[in-house]
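Engineer: entry30.csv is reproduced in full below (CSV, C-alpha atoms and all ligand atoms).
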chain,number,residue,atom,x,y,z
J,243,MET,CA,20.0,3.9,152.1
J,244,LYS,CA,19.3,7.7,151.7
J,245,LYS,CA,15.6,8.5,152.2
J,246,HIS,CA,13.4,10.1,149.6
J,247,ASN,CA,13.1,13.3,151.5
J,248,TYR,CA,9.8,15.3,150.9
J,249,SER,CA,10.3,17.5,154.0
J,250,ALA,CA,8.8,21.0,153.6
J,251,GLY,CA,11.7,22.7,155.3
J,252,PRO,CA,14.5,22.4,156.4
J,253,CYS,CA,14.7,20.2,153.3
J,254,ILE,CA,16.7,18.0,151.1
J,255,LEU,CA,19.9,19.5,149.6
J,256,PRO,CA,22.1,18.1,146.8
J,257,GLN,CA,24.2,15.1,148.1
J,258,GLU,CA,27.4,16.9,146.9
J,259,VAL,CA,26.5,19.8,149.2
J,260,PHE,CA,26.3,17.5,152.2
J,261,GLU,CA,29.6,15.9,151.3
J,262,LYS,CA,31.5,19.2,150.7
J,263,SER,CA,30.0,20.8,153.8
J,264,ALA,CA,31.1,17.8,155.9
J,265,GLN,CA,34.6,18.1,154.4
J,266,ALA,CA,34.7,21.9,155.2
J,267,ILE,CA,33.8,21.2,158.8
J,268,LEU,CA,36.9,18.9,159.0
J,269,ASN,CA,39.3,20.9,156.9
J,270,PHE,CA,38.2,24.1,155.1
J,271,ASN,CA,40.1,24.9,151.9
J,272,ASN,CA,43.1,22.8,153.1
J,273,SER,CA,43.7,25.4,155.8
J,274,ASP,CA,43.9,22.6,158.5
J,275,LEU,CA,41.1,24.5,160.2
J,276,SER,CA,37.4,23.9,160.3
J,277,ILE,CA,35.0,26.4,158.8
J,278,LEU,CA,33.3,26.4,162.2
J,279,GLU,CA,36.4,27.9,163.9
J,280,ILE,CA,37.7,30.6,161.5
J,281,SER,CA,37.1,34.3,161.6
J,282,HIS,CA,34.4,35.6,159.4
J,283,ARG,CA,36.8,38.4,158.5
J,284,SER,CA,39.4,35.8,157.3
J,285,LYS,CA,40.3,36.0,153.6
J,286,ASP,CA,38.9,32.6,152.9
J,287,PHE,CA,35.5,33.4,154.3
J,288,VAL,CA,35.2,36.9,152.9
J,289,ALA,CA,35.7,35.2,149.5
J,290,VAL,CA,32.8,32.8,150.3
J,291,MET,CA,30.5,35.7,151.1
J,292,ASP,CA,31.5,37.7,148.1
J,293,GLU,CA,31.1,34.7,145.7
J,294,ALA,CA,27.7,33.8,147.2
J,295,ARG,CA,26.4,37.3,146.9
J,296,ALA,CA,27.6,37.6,143.3
J,297,LEU,CA,26.3,34.2,142.3
J,298,VAL,CA,22.8,35.0,143.6
J,299,LEU,CA,22.6,38.1,141.3
J,300,GLU,CA,24.1,36.1,138.4
J,301,LEU,CA,21.6,33.2,138.7
J,302,LEU,CA,18.7,35.6,139.0
J,303,GLY,CA,19.9,37.7,136.0
J,304,LEU,CA,20.2,40.8,138.2
J,305,GLU,CA,23.9,41.6,137.7
J,306,GLY,CA,24.6,45.3,137.0
J,307,LYS,CA,20.9,46.3,137.6
J,308,GLY,CA,21.3,48.1,140.9
J,309,TYR,CA,20.6,45.2,143.2
J,310,GLN,CA,22.4,44.0,146.3
J,311,ALA,CA,22.3,40.5,147.8
J,312,LEU,CA,22.5,40.0,151.5
J,313,PHE,CA,22.7,37.0,153.7
J,314,LEU,CA,21.1,37.9,157.0
J,315,ALA,CA,19.9,36.1,160.1
J,316,GLY,CA,16.5,35.9,161.8
J,317,GLY,CA,14.6,33.9,159.1
J,318,ALA,CA,12.1,35.0,156.6
J,319,SER,CA,9.9,35.9,159.6
J,320,LEU,CA,12.3,38.8,160.5
J,321,GLU,CA,11.8,40.2,157.0
J,322,PHE,CA,8.1,40.4,157.7
J,323,LEU,CA,9.0,43.4,159.9
J,324,MET,CA,12.2,44.6,158.2
J,325,VAL,CA,10.3,45.2,155.0
J,326,PRO,CA,7.8,47.7,156.5
J,327,TYR,CA,10.5,49.2,158.7
J,328,ASN,CA,12.6,50.1,155.7
J,329,LEU,CA,9.9,50.7,153.1
J,330,MET,CA,6.7,51.9,154.6
J,331,LYS,CA,6.7,55.7,154.7
J,332,ILE,CA,6.0,57.1,158.2
J,333,ASP,CA,2.5,58.4,157.2
J,334,GLY,CA,2.1,56.0,154.3
J,335,LYS,CA,0.5,52.6,153.8
J,336,ALA,CA,1.3,49.2,152.3
J,337,ALA,CA,-0.6,46.8,150.1
J,338,TYR,CA,-0.6,43.0,150.8
J,339,LEU,CA,-1.9,40.0,148.9
J,340,ASP,CA,-3.1,37.4,151.5
J,341,THR,CA,-2.5,33.9,150.0
J,342,GLY,CA,-1.6,31.8,153.0
J,343,THR,CA,-0.3,31.5,156.6
J,344,TRP,CA,3.0,33.2,155.8
J,345,ALA,CA,1.5,36.1,153.9
J,346,ASN,CA,-0.9,36.5,156.8
J,347,ASN,CA,2.0,36.6,159.3
J,348,ALA,CA,3.7,39.3,157.1
J,349,ILE,CA,0.5,41.3,157.2
J,350,LYS,CA,0.3,41.1,161.0
J,351,GLU,CA,3.8,42.5,161.4
J,352,ALA,CA,3.2,45.3,158.9
J,353,LYS,CA,0.1,46.5,160.9
J,354,SER,CA,2.3,47.8,163.7
J,355,PHE,CA,4.0,50.2,161.3
J,356,GLY,CA,1.0,51.7,159.6
J,357,GLU,CA,-2.0,51.2,157.4
J,358,THR,CA,-1.8,47.8,155.9
J,359,MET,CA,-4.3,47.1,153.1
J,360,VAL,CA,-5.1,43.6,152.1
J,361,VAL,CA,-5.9,43.9,148.4
J,362,ALA,CA,-7.4,40.4,148.2
J,363,SER,CA,-7.5,37.2,150.3
J,364,SER,CA,-8.3,33.5,149.8
J,365,LYS,CA,-8.5,32.9,153.5
J,366,GLU,CA,-12.3,32.1,153.4
J,367,GLN,CA,-11.6,29.2,151.1
J,368,ASN,CA,-8.7,27.9,153.3
J,369,TYR,CA,-6.2,29.5,150.8
J,370,ASN,CA,-6.9,26.9,148.1
J,371,HIS,CA,-6.3,29.4,145.3
J,372,ILE,CA,-4.5,32.6,144.4
J,373,PRO,CA,-6.9,35.6,144.1
J,374,LYS,CA,-6.5,37.3,140.7
J,375,ASP,CA,-9.0,40.1,140.6
J,376,TYR,CA,-7.7,43.0,142.6
J,377,THR,CA,-6.2,46.5,142.2
J,378,ILE,CA,-3.1,47.8,143.9
J,379,PRO,CA,-3.4,51.3,145.3
J,380,ALA,CA,-1.0,53.6,143.5
J,381,ASP,CA,-0.2,55.5,146.7
J,382,ALA,CA,1.0,52.5,148.7
J,383,SER,CA,4.7,52.5,149.7
J,384,TYR,CA,5.0,48.9,148.3
J,385,PHE,CA,3.0,45.8,147.3
J,386,HIS,CA,3.9,42.5,149.1
J,387,CYS,CA,3.1,39.0,147.8
J,388,THR,CA,4.2,35.4,148.5
J,389,SER,CA,5.3,33.6,145.4
J,390,ASN,CA,4.7,30.1,146.7
J,391,ASN,CA,2.5,29.1,149.6
J,392,THR,CA,4.4,26.3,151.2
J,393,ILE,CA,1.5,25.1,153.4
J,394,PHE,CA,-1.4,25.3,150.9
J,395,GLY,CA,0.4,24.2,147.8
J,396,THR,CA,-0.4,27.2,145.6
J,397,GLN,CA,1.9,29.4,143.5
J,398,ILE,CA,1.6,32.7,141.8
J,399,LYS,CA,2.0,32.1,138.1
J,400,SER,CA,1.6,35.6,136.9
J,401,PHE,CA,2.6,38.7,138.9
J,402,PRO,CA,0.7,42.0,138.7
J,403,ASN,CA,2.1,45.0,136.9
J,404,THR,CA,2.4,48.1,139.1
J,405,ASN,CA,4.5,51.2,139.4
J,406,ILE,CA,5.1,50.9,143.1
J,407,PRO,CA,7.9,48.7,144.5
J,408,VAL,CA,7.1,45.0,144.5
J,409,VAL,CA,8.2,42.9,147.5
J,410,CYS,CA,8.1,39.1,147.3
J,411,ASP,CA,8.6,36.4,149.9
J,412,MET,CA,10.1,33.7,147.7
J,413,SER,CA,11.2,31.4,150.5
J,414,SER,CA,9.9,28.2,149.1
J,415,ASP,CA,10.4,28.6,145.3
J,416,ILE,CA,13.5,30.9,144.9
J,417,PHE,CA,15.8,29.5,142.2
J,418,SER,CA,13.2,27.0,141.1
J,419,ARG,CA,11.7,28.7,138.0
J,420,THR,CA,12.5,31.4,135.5
J,421,LEU,CA,10.9,34.7,136.2
J,422,ASP,CA,11.8,38.3,135.2
J,423,PHE,CA,13.3,39.0,138.6
J,424,SER,CA,13.9,42.6,137.7
J,425,LYS,CA,10.1,43.1,138.1
J,426,PHE,CA,10.7,42.7,141.8
J,427,ASP,CA,12.3,45.4,144.0
J,428,LEU,CA,12.9,43.3,147.0
J,429,ILE,CA,13.0,39.5,147.2
J,430,TYR,CA,13.6,37.6,150.4
J,431,ALA,CA,13.8,33.9,151.2
J,432,GLY,CA,14.7,31.8,154.2
J,433,ALA,CA,17.5,29.5,153.0
J,434,GLN,CA,16.1,26.3,154.4
J,435,LYS,CA,13.5,25.7,151.7
J,436,ASN,CA,15.4,25.6,148.5
J,437,MET,CA,18.9,27.0,149.0
J,438,GLY,CA,20.7,25.8,152.1
J,439,PRO,CA,20.4,24.8,155.8
J,440,ALA,CA,18.4,26.9,158.3
J,441,GLY,CA,20.2,29.9,159.7
J,442,THR,CA,20.4,32.5,157.0
J,443,THR,CA,17.9,34.5,154.9
J,444,LEU,CA,18.6,35.8,151.5
J,445,VAL,CA,17.5,39.4,150.7
J,446,VAL,CA,17.9,40.8,147.2
J,447,VAL,CA,17.1,44.5,147.1
J,448,LYS,CA,17.2,47.2,144.5
J,449,GLU,CA,19.2,49.9,146.3
J,450,GLU,CA,17.2,52.9,144.9
J,451,ILE,CA,14.1,51.9,146.9
J,452,LEU,CA,15.9,52.3,150.3
J,453,GLY,CA,16.3,55.3,152.5
J,454,LYS,CA,12.9,56.8,151.7
J,455,SER,CA,10.7,55.7,154.6
J,456,GLY,CA,11.7,58.6,156.9
J,457,ARG,CA,12.0,56.2,159.8
J,458,ASN,CA,14.9,55.9,162.2
J,459,ILE,CA,15.8,52.3,161.7
J,460,PRO,CA,17.8,50.2,164.3
J,461,SER,CA,21.1,49.2,162.8
J,462,MET,CA,20.6,45.5,162.7
J,463,LEU,CA,17.2,46.0,160.9
J,464,ASP,CA,18.5,48.5,158.4
J,465,TYR,CA,19.2,47.1,154.9
J,466,GLU,CA,21.4,50.1,154.0
J,467,LYS,CA,23.7,49.3,157.0
J,468,HIS,CA,24.0,45.7,155.9
J,469,ILE,CA,24.7,46.7,152.3
J,470,LYS,CA,27.4,49.2,153.5
J,471,SER,CA,29.1,46.4,155.5
J,472,GLU,CA,28.9,44.0,152.6
J,473,SER,CA,26.6,41.6,154.5
J,474,MET,CA,29.0,41.5,157.5
J,475,TYR,CA,27.6,44.2,159.8
J,476,ASN,CA,27.9,41.6,162.6
J,477,THR,CA,29.1,38.0,162.5
J,478,PRO,CA,27.1,36.4,159.6
J,479,PRO,CA,25.8,32.8,159.8
J,480,VAL,CA,29.1,31.5,158.4
J,481,PHE,CA,28.3,27.9,157.9
J,482,PRO,CA,24.8,28.3,156.4
J,483,VAL,CA,26.2,30.9,154.0
J,484,TYR,CA,28.9,28.4,153.0
J,485,ALA,CA,26.4,25.6,152.4
J,486,SER,CA,24.2,28.0,150.5
J,487,LEU,CA,27.1,28.9,148.2
J,488,LEU,CA,27.7,25.2,147.5
J,489,THR,CA,24.1,24.8,146.5
J,490,LEU,CA,24.3,27.8,144.2
J,491,GLN,CA,27.4,26.4,142.6
J,492,TRP,CA,25.7,23.1,142.1
J,493,LEU,CA,22.8,24.9,140.5
J,494,LYS,CA,25.1,26.9,138.2
J,495,ASN,CA,26.9,23.7,137.1
J,496,LEU,CA,23.6,22.1,136.3
J,497,GLY,CA,22.7,24.9,133.9
J,498,GLY,CA,21.1,27.5,136.2
J,499,ILE,CA,17.4,28.2,136.8
J,500,THR,CA,16.4,27.3,133.2
J,501,ALA,CA,17.8,23.8,133.6
J,502,ILE,CA,16.3,23.1,137.1
J,503,GLU,CA,12.9,24.5,136.0
J,504,LYS,CA,12.6,21.7,133.4
J,505,ILE,CA,13.4,19.1,136.0
J,506,ASN,CA,10.9,20.7,138.5
J,507,GLU,CA,8.2,20.7,135.9
J,508,ALA,CA,8.8,17.1,135.0
J,509,LYS,CA,8.6,16.1,138.7
J,510,ALA,CA,5.4,18.1,139.3
J,511,THR,CA,3.7,16.8,136.1
J,512,LEU,CA,4.5,13.2,137.1
J,513,LEU,CA,3.0,13.6,140.6
J,514,TYR,CA,0.0,15.7,139.7
J,515,ASN,CA,-0.9,13.4,136.8
J,516,GLU,CA,-1.0,10.5,139.3
J,517,ILE,CA,-3.1,12.5,141.8
J,518,ASP,CA,-5.6,13.3,139.1
J,519,ARG,CA,-5.7,9.8,137.5
J,520,ASN,CA,-5.7,7.7,140.7
J,521,PRO,CA,-9.3,7.4,142.0
J,522,LEU,CA,-8.0,7.1,145.6
J,523,PHE,CA,-6.6,10.6,145.7
J,524,LYS,CA,-7.5,14.2,145.2
J,525,GLY,CA,-5.5,17.5,145.1
J,526,THR,CA,-6.5,20.3,147.4
J,527,ALA,CA,-5.3,23.4,145.4
J,528,ALA,CA,-7.0,25.0,142.4
J,529,VAL,CA,-5.5,23.3,139.3
J,530,GLU,CA,-4.3,26.5,137.7
J,531,ASP,CA,-2.5,27.6,140.8
J,532,ARG,CA,-0.8,24.4,141.8
J,533,SER,CA,2.7,24.7,143.1
J,534,THR,CA,5.5,22.9,141.4
J,535,MET,CA,7.3,22.9,144.8
J,536,ASN,CA,4.7,21.7,147.3
J,537,ALA,CA,1.9,19.3,146.1
J,538,THR,CA,-0.9,19.0,148.6
J,539,PHE,CA,-3.3,16.1,148.3
J,540,LEU,CA,-5.8,13.9,150.3
J,541,LEU,CA,-7.0,10.4,150.3
J,542,ASN,CA,-10.7,10.3,149.3
J,543,ASP,CA,-11.2,7.7,151.9
J,544,GLU,CA,-9.4,8.4,155.2
J,545,SER,CA,-9.6,4.8,156.2
J,546,HIS,CA,-6.9,4.0,153.7
J,547,ALA,CA,-4.4,6.2,155.5
J,548,PRO,CA,-2.8,3.5,157.8
J,549,ILE,CA,-2.0,1.2,154.9
J,550,PHE,CA,-0.8,4.1,152.6
J,551,ASP,CA,1.4,5.5,155.4
J,552,LYS,CA,2.9,2.1,156.0
J,553,MET,CA,3.6,1.6,152.3
J,554,TRP,CA,5.4,4.9,151.7
J,555,LYS,CA,7.4,4.6,154.8
J,556,GLU,CA,8.5,1.1,153.7
J,557,ALA,CA,9.5,2.5,150.3
J,558,GLY,CA,12.0,4.8,152.0
J,559,ILE,CA,9.9,8.0,151.8
J,560,SER,CA,10.2,10.6,154.6
J,561,GLY,CA,8.4,13.9,155.3
J,562,LEU,CA,5.1,13.3,153.5
J,563,PRO,CA,2.4,14.2,156.1
J,564,GLY,CA,0.6,17.5,155.3
J,565,HIS,CA,0.6,20.6,157.4
J,566,ARG,CA,-2.1,20.4,160.1
J,567,SER,CA,-4.1,23.2,158.5
J,568,VAL,CA,-4.6,21.2,155.3
J,569,GLY,CA,-4.3,17.6,156.5
J,570,GLY,CA,-3.6,14.7,154.1
J,571,TYR,CA,-0.2,14.8,152.4
J,572,ARG,CA,2.3,17.4,151.1
J,573,ALA,CA,5.0,16.3,148.8
J,574,SER,CA,7.7,19.1,148.8
J,575,MET,CA,9.7,18.7,145.6
J,576,TYR,CA,12.4,21.2,146.0
J,577,ASN,CA,15.3,21.6,143.6
J,578,ALA,CA,17.5,18.8,145.1
J,579,LEU,CA,14.8,16.1,145.1
J,580,PRO,CA,15.5,13.8,142.2
J,581,LEU,CA,12.8,12.7,139.7
J,582,GLU,CA,13.4,9.1,140.8
J,583,SER,CA,12.1,10.0,144.3
J,584,VAL,CA,8.8,11.2,142.7
J,585,GLN,CA,8.6,8.0,140.7
J,586,VAL,CA,8.9,6.0,144.0
J,587,LEU,CA,5.9,7.9,145.4
J,588,VAL,CA,3.9,7.4,142.3
J,589,ASP,CA,4.6,3.7,142.3
J,590,VAL,CA,3.4,3.5,145.9
J,591,MET,CA,0.2,5.3,145.0
J,592,GLN,CA,-0.4,2.9,142.1
J,593,THR,CA,0.3,-0.2,144.2
J,594,LEU,CA,-2.2,1.1,146.8
J,595,GLU,CA,-4.8,1.4,144.1
J,596,LYS,CA,-4.2,-2.2,143.0
J,597,ASN,CA,-4.3,-3.6,146.5
J,598,ILE,CA,-7.6,-2.0,147.5
M,601,LIG,C1,8.9,28.8,155.8
M,601,LIG,C2,8.4,30.1,155.3
M,601,LIG,C3,8.6,31.3,156.0
M,601,LIG,C4,9.2,31.3,157.4
M,601,LIG,O1,10.5,31.2,157.3
M,601,LIG,P1,11.5,31.3,158.7
M,601,LIG,O2,12.8,31.3,158.1
M,601,LIG,O3,11.2,30.1,159.5
M,601,LIG,O4,11.1,32.6,159.4
M,601,LIG,C5,8.1,32.4,155.4
M,601,LIG,N1,7.6,32.4,154.2
M,601,LIG,C6,7.4,31.3,153.5
M,601,LIG,C7,6.8,31.3,152.1
M,601,LIG,C8,7.8,30.1,154.0
M,601,LIG,O5,7.7,28.9,153.3
What is this file in structure tokens?
Structural biologist:
Amino acid sequence: MKKHNYSAGPCILPQEVFEKSAQAILNFNNSDLSILEISHRSKDFVAVMDEARALVLELLGLEGKGYQALFLAGGASLEFLMVPYNLMKIDGKAAYLDTGTWANNAIKEAKSFGETMVVASSKEQNYNHIPKDYTIPADASYFHCTSNNTIFGTQIKSFPNTNIPVVCDMSSDIFSRTLDFSKFDLIYAGAQKNMGPAGTTLVVVKEEILGKSGRNIPSMLDYEKHIKSESMYNTPPVFPVYASLLTLQWLKNLGGITAIEKINEAKATLLYNEIDRNPLFKGTAAVEDRSTMNATFLLNDESHAPIFDKMWKEAGISGLPGHRSVGGYRASMYNALPLESVQVLVDVMQTLEKNI
């Protein structure tokens, strides 16, 4: 039986995506060729890339608003440096909100390009909340934030208003909730958290913010070059892009982001209600900042861990241990995780309470 997969990433994808991907490896579009052996310049694959890029903009409500979608390689971690390379003016500075390990890694990369201001940080409290009281300098080249902190289980619910370009790492909550995406000038996301398999990174960028840094950018790191080549400057990650397209199609058929947001809220409410009700458990993130994607929680009494771990494994649950910097448990409830899987976890938590 298929596991209830709570892995933080790479993560669960819709079953139909696994099935259609498997089929395409054997025989893609009835071509009697595998998707793994065709040219990325073939008509069939160019159509995949075009549809994937268009569907991203459609689902985010950004069609016809001056944005371009790119499927790049190198992971979200490469965007940590591509962003300052492309956007930080040569003698300028950038503003960052430090809400977790990934935000911190982005800050480290930006520092080698110029003055990198951290407008606020929750590092001293082990990133258990989102700082809210800060000002963004009006002379920064851009403001960078992380919408969902995968490791610490916090999520930005309300984004600041500013006149400078807003850059957001949405790796672990892209396509999970409705937002006014036109408030962002550059969004990036590693596919493997909520969109597809590892190997490609989605970048959505408003074209008008590019070409202003005054830097000489190496071709592979230059967003404008990738846009000009329609996301095929070099061989793109063919298979991850195809599997991502299948996930985007699945999401569209389901009713888009509005529909999945309701399901995600139902899953998060079910689990957080149990964490708060059950005297054996406690959540680690500030309640108002809790992530709907990654729920982090602890056992109040560590000595119950061996029996709890045995119980959830026997219930067919996988991927529940927390990240080493938080400990305890992390339930990653990405788009493709069904509500039934959350019910299985809640049942195990209730059985543990009865047995102790
Ligand atoms: C996983 C993750 C990353 C790193 O992604 P890679 O594709 O492995 O580089 C960056 N940011 C966030 C928010 C993440 O969850």
Engineer: Using only C-alpha atoms, which residue out of J:Leu594, J:Leu513, J:Ala431, J:Leu463 lies closest to Ser574 of chain J?
Structural biologist: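 The closest residue to Ser574 of chain J is J:Leu513.
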Engineer: Please measure the separation of atom CA of Glu556 of chain J and atom CA of Ile502 of chain J, giving the value in Å to one decimal.
Structural biologist: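 So the two atoms, atom CA of Glu556 of chain J and atom CA of Ile502 of chain J, lie 28.6 Å apart.
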Engineer: Could you give me, as an mmCIF file with C-alpha atoms, in the coordinates of the input, every polymer residue with an atom at most 9 Å away from an atom of ligand LIG 601 (chain M), counting only C-alpha atoms and all ligand atoms?
Structural biologist:
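Resulting contents of out-v6.cif:
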data_model
loop_
_atom_site.group_PDB
_atom_site.id
_atom_site.type_symbol
_atom_site.label_atom_id
_atom_site.label_comp_id
_atom_site.auth_asym_id
_atom_site.auth_seq_id
_atom_site.Cartn_x
_atom_site.Cartn_y
_atom_site.Cartn_z
ATOM 1 C CA ALA J 250 8.800 21.000 153.600
ATOM 2 C CA GLY J 251 11.700 22.700 155.300
ATOM 3 C CA PRO J 252 14.500 22.400 156.400
ATOM 4 C CA ALA J 315 19.900 36.100 160.100
ATOM 5 C CA GLY J 316 16.500 35.900 161.800
ATOM 6 C CA GLY J 317 14.600 33.900 159.100
ATOM 7 C CA ALA J 318 12.100 35.000 156.600
ATOM 8 C CA SER J 319 9.900 35.900 159.600
ATOM 9 C CA LEU J 320 12.300 38.800 160.500
ATOM 10 C CA GLU J 321 11.800 40.200 157.000
ATOM 11 C CA PHE J 322 8.100 40.400 157.700
ATOM 12 C CA GLY J 342 -1.600 31.800 153.000
ATOM 13 C CA THR J 343 -0.300 31.500 156.600
ATOM 14 C CA TRP J 344 3.000 33.200 155.800
ATOM 15 C CA ALA J 345 1.500 36.100 153.900
ATOM 16 C CA ASN J 347 2.000 36.600 159.300
ATOM 17 C CA ALA J 348 3.700 39.300 157.100
ATOM 18 C CA THR J 388 4.200 35.400 148.500
ATOM 19 C CA SER J 389 5.300 33.600 145.400
ATOM 20 C CA ASN J 390 4.700 30.100 146.700
ATOM 21 C CA ASN J 391 2.500 29.100 149.600
ATOM 22 C CA THR J 392 4.400 26.300 151.200
ATOM 23 C CA ILE J 393 1.500 25.100 153.400
ATOM 24 C CA ASP J 411 8.600 36.400 149.900
ATOM 25 C CA MET J 412 10.100 33.700 147.700
ATOM 26 C CA SER J 413 11.200 31.400 150.500
ATOM 27 C CA SER J 414 9.900 28.200 149.100
ATOM 28 C CA ASP J 415 10.400 28.600 145.300
ATOM 29 C CA TYR J 430 13.600 37.600 150.400
ATOM 30 C CA ALA J 431 13.800 33.900 151.200
ATOM 31 C CA GLY J 432 14.700 31.800 154.200
ATOM 32 C CA ALA J 433 17.500 29.500 153.000
ATOM 33 C CA GLN J 434 16.100 26.300 154.400
ATOM 34 C CA LYS J 435 13.500 25.700 151.700
ATOM 35 C CA ALA J 440 18.400 26.900 158.300
ATOM 36 C CA GLY J 441 20.200 29.900 159.700
ATOM 37 C CA THR J 442 20.400 32.500 157.000
ATOM 38 C CA THR J 443 17.900 34.500 154.900
#
Engineer: Do you know which residues are at most 7 Å from Leu562 of chain J counting all atoms listed in the file, after dropping those on the same chain fewer than 5 positions away, and could you put them as a list in words?
Structural biologist: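 Near neighbours after the sequence-gap exclusion: Tyr248, Ser249, Tyr571, Arg572 and Ala573 of chain J.
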Engineer: Distance atom CA of Trp554 of chain J-atom CA of Leu512 of chain J, one decimal place?
Structural biologist: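 So the two atoms, atom CA of Trp554 of chain J and atom CA of Leu512 of chain J, lie 16.8 Å apart.
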Engineer: Identify which of the residues J:Ala352, J:Ile598, J:His565, J:Val408 lies closest to Ser545 of chain J, counting only C-alpha atoms when measuring atom-to-atom distances.
Structural biologist: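 Going through J:Ala352, J:Ile598, J:His565, J:Val408 one by one, the smallest distance to Ser545 of chain J is for J:Ile598.
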Engineer: Tell me, as a list in words, which residues lie within 12 Å of Ala296 of chain J, counting all atoms listed in the file; anything in the same chain fewer than 2 positions away does not count.
Structural biologist: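 Everything that qualifies: Ala289, Val290, Met291, Asp292, Glu293, Ala294, Val298, Leu299, Glu300, Leu301, Leu302, Gly303, Leu304, Glu305, Gly306, Tyr309, Gln310, Ala311, Leu312, Phe313, Val446, Glu472, Ser473, Leu487, Leu490 and Gln491 of chain J.
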Engineer: Taking C-alpha atoms for each residue, export the selection above as a PDB file, in the frame of the given file.
Structural biologist:
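What follows is the written file part20.pdb:
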ATOM      1  CA  ALA J 289      35.700  35.200 149.500  1.00  0.00           C
ATOM      2  CA  VAL J 290      32.800  32.800 150.300  1.00  0.00           C
ATOM      3  CA  MET J 291      30.500  35.700 151.100  1.00  0.00           C
ATOM      4  CA  ASP J 292      31.500  37.700 148.100  1.00  0.00           C
ATOM      5  CA  GLU J 293      31.100  34.700 145.700  1.00  0.00           C
ATOM      6  CA  ALA J 294      27.700  33.800 147.200  1.00  0.00           C
ATOM      7  CA  VAL J 298      22.800  35.000 143.600  1.00  0.00           C
ATOM      8  CA  LEU J 299      22.600  38.100 141.300  1.00  0.00           C
ATOM      9  CA  GLU J 300      24.100  36.100 138.400  1.00  0.00           C
ATOM     10  CA  LEU J 301      21.600  33.200 138.700  1.00  0.00           C
ATOM     11  CA  LEU J 302      18.700  35.600 139.000  1.00  0.00           C
ATOM     12  CA  GLY J 303      19.900  37.700 136.000  1.00  0.00           C
ATOM     13  CA  LEU J 304      20.200  40.800 138.200  1.00  0.00           C
ATOM     14  CA  GLU J 305      23.900  41.600 137.700  1.00  0.00           C
ATOM     15  CA  GLY J 306      24.600  45.300 137.000  1.00  0.00           C
ATOM     16  CA  TYR J 309      20.600  45.200 143.200  1.00  0.00           C
ATOM     17  CA  GLN J 310      22.400  44.000 146.300  1.00  0.00           C
ATOM     18  CA  ALA J 311      22.300  40.500 147.800  1.00  0.00           C
ATOM     19  CA  LEU J 312      22.500  40.000 151.500  1.00  0.00           C
ATOM     20  CA  PHE J 313      22.700  37.000 153.700  1.00  0.00           C
ATOM     21  CA  VAL J 446      17.900  40.800 147.200  1.00  0.00           C
ATOM     22  CA  GLU J 472      28.900  44.000 152.600  1.00  0.00           C
ATOM     23  CA  SER J 473      26.600  41.600 154.500  1.00  0.00           C
ATOM     24  CA  LEU J 487      27.100  28.900 148.200  1.00  0.00           C
ATOM     25  CA  LEU J 490      24.300  27.800 144.200  1.00  0.00           C
ATOM     26  CA  GLN J 491      27.400  26.400 142.600  1.00  0.00           C
TER      27      GLN J 491
END
Engineer: Quick one: everything within 6 Å of Leu581 of chain J, counting only C-alpha atoms, minus sequence neighbours fewer than 2 positions away in the same chain. Send it as a PDB file with C-alpha atoms, in the coordinates of the input.
Structural biologist:
ATOM      1  CA  LYS J 509       8.600  16.100 138.700  1.00  0.00           C
ATOM      2  CA  SER J 583      12.100  10.000 144.300  1.00  0.00           C
ATOM      3  CA  VAL J 584       8.800  11.200 142.700  1.00  0.00           C
TER       4      VAL J 584
END
Engineer: Go through J:Pro402, J:Gly525, J:Pro407, J:Gly570 one by one, measure the shortest atom-to-atom distance of each to Phe385 of chain J using all atoms listed in the file, and give the residue with the smallest value.
Structural biologist: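 Among the listed residues, J:Pro407 lies closest to Phe385 of chain J.
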Engineer: Counting only C-alpha atoms, I want the residues whose atoms come within 7 Å of (31.6, 34.8, 157.5) in the file frame, returned as a PyMOL selection string.
Structural biologist: chain J and resi 281-283+287-288+291+477-480
Engineer: Give me the residues near segment 363-376 of chain J as a PyMOL selection string, where near means some atom within 6 Å (using only C-alpha atoms) and where sequence neighbours in that chain fewer than 6 positions away do not count.
Structural biologist: chain J and resi 340-342+527-528
Engineer: Next, the residues of the selection above should be written as a short mmCIF file (atom, residue, chain, number, x, y, z; two decimals), in the frame of the given file with C-alpha atoms.
Structural biologist:
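In the end it all went to selection-v9.cif:
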data_model
loop_
_atom_site.label_atom_id
_atom_site.label_comp_id
_atom_site.auth_asym_id
_atom_site.auth_seq_id
_atom_site.Cartn_x
_atom_site.Cartn_y
_atom_site.Cartn_z
CA ASP J 340 -3.10 37.40 151.50
CA THR J 341 -2.50 33.90 150.00
CA GLY J 342 -1.60 31.80 153.00
CA ALA J 527 -5.30 23.40 145.40
CA ALA J 528 -7.00 25.00 142.40
#
Engineer: Considering all atoms listed in the file, can you say which of J:Met591, J:Cys387, J:Ile459, J:Ala501 comes closest to Arg519 of chain J?
Structural biologist: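 Residue with the minimum atom-to-atom distance to Arg519 of chain J: J:Met591.
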Engineer: Which of these residues is nearest to Ser383 of chain J, using all atoms listed in the file: J:His246, J:Lys425, J:Lys399, J:Lys331?
Structural biologist: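 Closest to Ser383 of chain J of all the choices is J:Lys331.
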Engineer: State, in Å with one decimal place, the distance from atom CA of Glu258 of chain J to atom CA of Ala578 of chain J.
Structural biologist: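 Atom-to-atom, atom CA of Glu258 of chain J to atom CA of Ala578 of chain J, that is 10.2 Å.
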Engineer: Would you please work out which residue, of J:Met474, J:Val588, J:Met330, J:Ala266, is nearest to Lys454 of chain J when using all atoms listed in the file?
Structural biologist: J:Met330
